[in-house]
Amino acid sequence: MYKFNQKLISAVILALSLTACSNDTSQTSTETTTKPKETSVSEKVANAILPSAQAATYEEITIKTGGFNLGKPASKEEIAGWHIEVSHGHNLPPGEGTAADGEEFFEEVCANCHGSFGEGVGRNPVLAGGEGTLTDKMKPERTVGSYWPYASTLLDYTHRAMPFPSAQSLTWDQTWSLSAYVLYLNDIIEDEDFVFNAQSYKEIHMPNENGFIRDERPDTHNTRCMKDCKDPASIKVKTALLGYGSGAEDVVEETKVAKGHELGQKIYDGTCRLCHGTGLAGAPKIEDTLTWEHRLKQGLSKVHKHAINGFSGQSGVMPPKGGNMELTDDEVKAAVDFMLKDIEQ
Amino acid sequence: MSDKNTIKDQKSLSQQKNINSRRKFLSQAAATTAVVATGGAAANNLPPNVPEWQRHLGKPVNSNPYGQPSKYESSVRRLRVPWLTPDSIASISFTPLAEIKGMISPNGLAFERDHGGLPTIDPEQHRLMIHGLVEKPIILTMDDIKRFPNVSRIHFIECPANSAMEWKGPQVGRLQFTHGMTNCCEWTGVPLKYILEEVGVKPEGKWLLVEGADSASMSRSVPMEKALDDTLVVFGQNGEALRPEQGYPLRLLTPGWEGNTSIKWLRRIEITAEPSYQREETSKYTDLLNPRDPKRKDLIGKAYLFSWIMEAKAIITFPCPEKPLKEHGKYVINGLAWTGTGKIKHVDVSFDGGINWVQAELNGLVLDKCWTRFSIPFEWNGEEVLLQSRATGEDGYVQPTLKQLREARGVASIYHNNAIHTWKINKNGEVESVQV
């Protein structure tokens with residue numbers, strides 16, 4: 001905990017003297033030896049007489065605007081080619097499709113990144129699940145199903161930007177069927193033969209449709225307190241988890257340290273997350289710190305061994321190397337270390 | 001040795017490594033400067049010797065027709081944090097705020113956020129289409145756009161995800177990553193209202209769908225009031241054409257609003273009656289709430305929609321983790337402050353973690369929705385210091401503490417973290433990012 005001695009405060013007060021900030025350094029050095037007078041500062045602060053830069057404004061344009069008559073009229077065909085958005089309540093596109101139509105196509109063009117069940121591969125977005133998690137303090141899961149207010153956004157975005165590597169390549173029929181499939185994965189469309197189109201659109205209700213409110217900010221009400229604004233005893237210093245490099249690319253010195261976790265995260269995302277991200281098959285979830293703390297009591301090397309050789313315990317079966325026998329032992333260890341990185345020993 | 005100890009050893013070893021390598025990094029950084037200033041073979045260049053570079057001719061004029069920074073500045077660059085985004089295409093780079101020398105971010109250092117990669121656009125073939133609820137839908141070329149009356153305005157842009165990693169606790173260890181999703185440039189372009197005058201907006205036209213020509217066809221809904229207020233259609237950045245990373249050849253600029261609404265590579269504006277609820281204003285860039293304040297319990301699980309304004313924020317750029325204090329003595333603390341609601345009115349600095357505050361000076365120009373420099377002199381004699389800065393806008397809004405933000409919104413809302421930030425100066429002069 002911190003003790004703030006008068007000396008420090010006086011150093012600040014001294015520093016406040018205006019000449020100390022001027023270019024004339026010879027003067028400031030003599031200032032250093034002068035005993036600071038506390039009154040001078042409180043006075044200054046209280047009266048706010050510190051000089052502040054004057055607020056500046058721009059000259060307004062006085063040229064008469066309007067009637068420039070620039071550009072050419074946009075034709076219907078030109079507009080049709082670019083008018084791609086789909087909006088809730090209006091602007092629904094032609095075509096139709098069912099989840100059953102979408103399933104195979106999704107597996108072919110989307111599952112690589114989003115997973116067969118929309119669970120997300122690597123760091124690509126999870127498209128399904130998360131119902132009931134929006135009220136979770138720490139880890140709400142925002143997905144199409146749990147969070148998005150309107151299905152129109154799914155149609156719009158899928159057609160506009162997906163599949164990620166080849167945007168605007170989907171037909172509207174494909175867009176309807178893929179969207180139907182994503183909604184099916186989220187149990188929002190329950191019948192895989194439901195024909196999704198502009199007519200049936202209004203039968204679809206997104207669970208979180210009423211979850212949005214208009215911005216209420218400013219929602220904080222700090223005041224410009226200047227003195228004794230909080231109890232010094234209330235100050236507890238928490239240091240940043242990640243060091244100076246913070247896992248950034250190009251920081252040569254640092255990446256070596258971060259590498260352990262980078263590799264670990266990659267392996268985790270590729271193989272382990274399927275179960276440990278979701279609790280599938282009884283797997284302890286990565287964020288369940290208590291479980292992990294408990295498991296660590298047997299020692300890290302044993303936990304490593306269990307991950308490499310497999311382990312069947314009270315909650316389920318951990319397959320050897322998470323079922324991915326292509327992983328080396330070191331890669332599995334890296335994944336375990338990544339999973340345990342936030343656990344206090 | 002028990003397994004438990006092994007864990008402990010490993011942990012402390014990795015901490016040790018972390019510290020060591022950080023030290024090494026810092027001392028290397030120091031060494032580089034030292035080489036220039038004093039060290040090694042370069043020592044011959046110090047007085048009373050005549051420096052080597054003064055004794056022969058330099059390179060011909062215009063050896064580098066598009067100027068480049070000195071090679072000694074090569075470490076000054078944007079950085080990415082790979083673990084933050086799915087890949088390097090839908091990703092973000094951070095401005096090295098510790099290296100910014102004024103109120104302007106140079107074009108090569110301005111942070112970049114792309115959702116579908118960086119497109120290469122031929123300006124001859126770029127078009128801006130304006131249609132929807134208008135009398136006269138039109139298509140403009142770049143030449144057409146440049147014939148409208150144009151203005152130059154210095155404005156900050158900030159991604160609403162700036163400082164997002166810090167909601168749950170202090171995470172990233174340096175200024176570039178805690179606050180680097182912002183830039184501030186002089187933008188030259190046409191006030192959007194002049195262009196809208198040309199097409200004749202119908203009375204029911206209350207919203208604009210604005211859309212980019214990138215692979216994400218990045219799109220947002222912007223209300224008409226903002227379009228008619230200070231929104232610009234921009235082609236110039238700090239005196240030259242927009243950089244590709246900033247939307248070359250054409251972008252929208254919605255001053256003071258979340259960066260994502262300033263659509264880059266602008267290709268289409270559609271006037272609509274209602275917002276279009278794009279992915280970037282529903283799935284993303286909405287603020288999911290879990291207020292800790294019991295009086296706001298009814299908001300748990302709800303989310304703010306259209307939270308456009310970037311509220312006041314100040315950050316100390318010297319000292320900071322990138323710029324430690326190397327010796328005792330006098331310093332001037334520098335920083336930047338901005339607010340999306342208008343001008344900065346005051347910035348206060350605390351040296352004791354927020355117990356007492358003193359008013360800093362604002363330096364240079366104080367402009368609307370613009371980085372504003374502040375400074376305060378400081379003498380350091382090896383004490384531990386908890387440095388903070390707090391901005392107040394001309395609207396009277398005071399930058400909140402993290403605690404206040406968490407009371408209002410919880411810790412998982414990702415966007416709009418404008419909390420007062422703390423740097424801890426350690427006894428050895430190193431600076432750490434902390435929360436108090």
# chains A, B, ... in the order shown; residues from 1 in each chain; ligands from 1

call {"tool": "select_by_dssp", "arguments": {"residues": "segment 197-294 of chain B", "states": "strand (DSSP E or B)", "output": "count of residues only"}}
result
34

call {"tool": "residues_around", "arguments": {"residues": "segment 218-225 of chain A", "least_positions_apart": "4", "cutoff": "6 Å", "atoms": "only C-alpha atoms", "output": "ChimeraX atom specification"}}
result
/A:229 /B:398,400

call {"tool": "write_last_selection", "arguments": {"atoms": "all heavy atoms", "output": "compact mmCIF listing (two decimals), in the first residue's frame"}}
result
# COMPACT_ATOMS: atom_id res chain seq x y z
N CYS A 229 -9.78 13.34 -2.28
CA CYS A 229 -10.92 12.80 -3.03
C CYS A 229 -11.22 11.36 -2.68
O CYS A 229 -12.29 10.86 -2.98
CB CYS A 229 -10.67 12.94 -4.52
SG CYS A 229 -10.34 14.65 -4.98
N VAL B 398 -16.99 15.18 -16.48
CA VAL B 398 -15.69 14.86 -15.92
C VAL B 398 -15.40 13.38 -16.17
O VAL B 398 -16.23 12.51 -15.86
CB VAL B 398 -15.65 15.15 -14.41
CG1 VAL B 398 -14.28 14.83 -13.83
CG2 VAL B 398 -16.02 16.60 -14.14
N PRO B 400 -14.60 9.70 -15.91
CA PRO B 400 -14.91 8.88 -14.73
C PRO B 400 -13.74 8.03 -14.25
O PRO B 400 -12.79 7.79 -14.99
CB PRO B 400 -16.03 7.97 -15.22
CG PRO B 400 -15.75 7.79 -16.68
CD PRO B 400 -15.13 9.10 -17.14

call {"tool": "residues_around", "arguments": {"residues": "segment 301-311 of chain A", "least_positions_apart": "6", "cutoff": "7 Å", "atoms": "only C-alpha atoms", "output": "list of chain:residue names"}}
result
A:Val317, A:Met318, A:Pro319, A:Pro320, A:Lys321, A:Asp329, A:Val332, A:Lys333, A:Val336, B:Asp3

call {"tool": "select_by_dssp", "arguments": {"residues": "segment 200-327 of chain B", "states": "alpha helix (DSSP H)", "output": "PyMOL selection string"}}
result
chain B and resi 224-228

call {"tool": "write_last_selection", "arguments": {"atoms": "N, CA and C atoms", "output": "mmCIF file, in the first residue's frame"}}
result
data_model
loop_
_atom_site.group_PDB
_atom_site.id
_atom_site.type_symbol
_atom_site.label_atom_id
_atom_site.label_comp_id
_atom_site.auth_asym_id
_atom_site.auth_seq_id
_atom_site.Cartn_x
_atom_site.Cartn_y
_atom_site.Cartn_z
ATOM 1 N N MET B 224 -29.606 11.865 -39.566
ATOM 2 C CA MET B 224 -29.501 13.055 -40.421
ATOM 3 C C MET B 224 -28.922 14.258 -39.668
ATOM 4 N N GLU B 225 -29.242 14.393 -38.380
ATOM 5 C CA GLU B 225 -28.736 15.569 -37.640
ATOM 6 C C GLU B 225 -27.211 15.624 -37.680
ATOM 7 N N LYS B 226 -26.584 14.466 -37.527
ATOM 8 C CA LYS B 226 -25.122 14.455 -37.543
ATOM 9 C C LYS B 226 -24.605 14.786 -38.953
ATOM 10 N N ALA B 227 -25.295 14.234 -39.963
ATOM 11 C CA ALA B 227 -24.878 14.476 -41.348
ATOM 12 C C ALA B 227 -24.917 15.963 -41.658
ATOM 13 N N LEU B 228 -25.938 16.645 -41.129
ATOM 14 C CA LEU B 228 -26.101 18.070 -41.436
ATOM 15 C C LEU B 228 -25.286 18.945 -40.485
#

call {"tool": "residues_around", "arguments": {"residues": "Leu192 of chain B", "least_positions_apart": "6", "cutoff": "9 Å", "atoms": "only C-alpha atoms", "output": "VMD selection string"}}
result
chain B and resid 227 to 233 252

call {"tool": "write_last_selection", "arguments": {"atoms": "N, CA, C and O atoms", "output": "short mmCIF file (atom, residue, chain, number, x, y, z; two decimals), in the first residue's frame"}}
result
data_model
loop_
_atom_site.label_atom_id
_atom_site.label_comp_id
_atom_site.auth_asym_id
_atom_site.auth_seq_id
_atom_site.Cartn_x
_atom_site.Cartn_y
_atom_site.Cartn_z
N ALA B 227 -25.30 14.23 -39.96
CA ALA B 227 -24.88 14.48 -41.35
C ALA B 227 -24.92 15.96 -41.66
O ALA B 227 -24.06 16.49 -42.36
N LEU B 228 -25.94 16.65 -41.13
CA LEU B 228 -26.10 18.07 -41.44
C LEU B 228 -25.29 18.95 -40.48
O LEU B 228 -25.17 20.15 -40.69
N ASP B 229 -24.72 18.35 -39.46
CA ASP B 229 -23.94 19.12 -38.50
C ASP B 229 -22.50 19.23 -38.99
O ASP B 229 -22.19 20.07 -39.83
N ASP B 230 -21.62 18.37 -38.52
CA ASP B 230 -20.20 18.58 -38.84
C ASP B 230 -19.57 17.43 -39.63
O ASP B 230 -18.36 17.34 -39.72
N THR B 231 -20.40 16.56 -40.20
CA THR B 231 -19.86 15.41 -40.93
C THR B 231 -19.21 15.86 -42.24
O THR B 231 -19.73 16.72 -42.96
N LEU B 232 -18.04 15.28 -42.52
CA LEU B 232 -17.30 15.63 -43.73
C LEU B 232 -17.13 14.41 -44.62
O LEU B 232 -17.08 13.28 -44.15
N VAL B 233 -17.00 14.68 -45.92
CA VAL B 233 -16.60 13.66 -46.88
C VAL B 233 -15.15 14.01 -47.24
O VAL B 233 -14.89 15.02 -47.87
N LEU B 252 -15.74 8.97 -44.86
CA LEU B 252 -16.62 9.84 -44.09
C LEU B 252 -15.88 10.23 -42.82
O LEU B 252 -15.02 9.48 -42.34
#
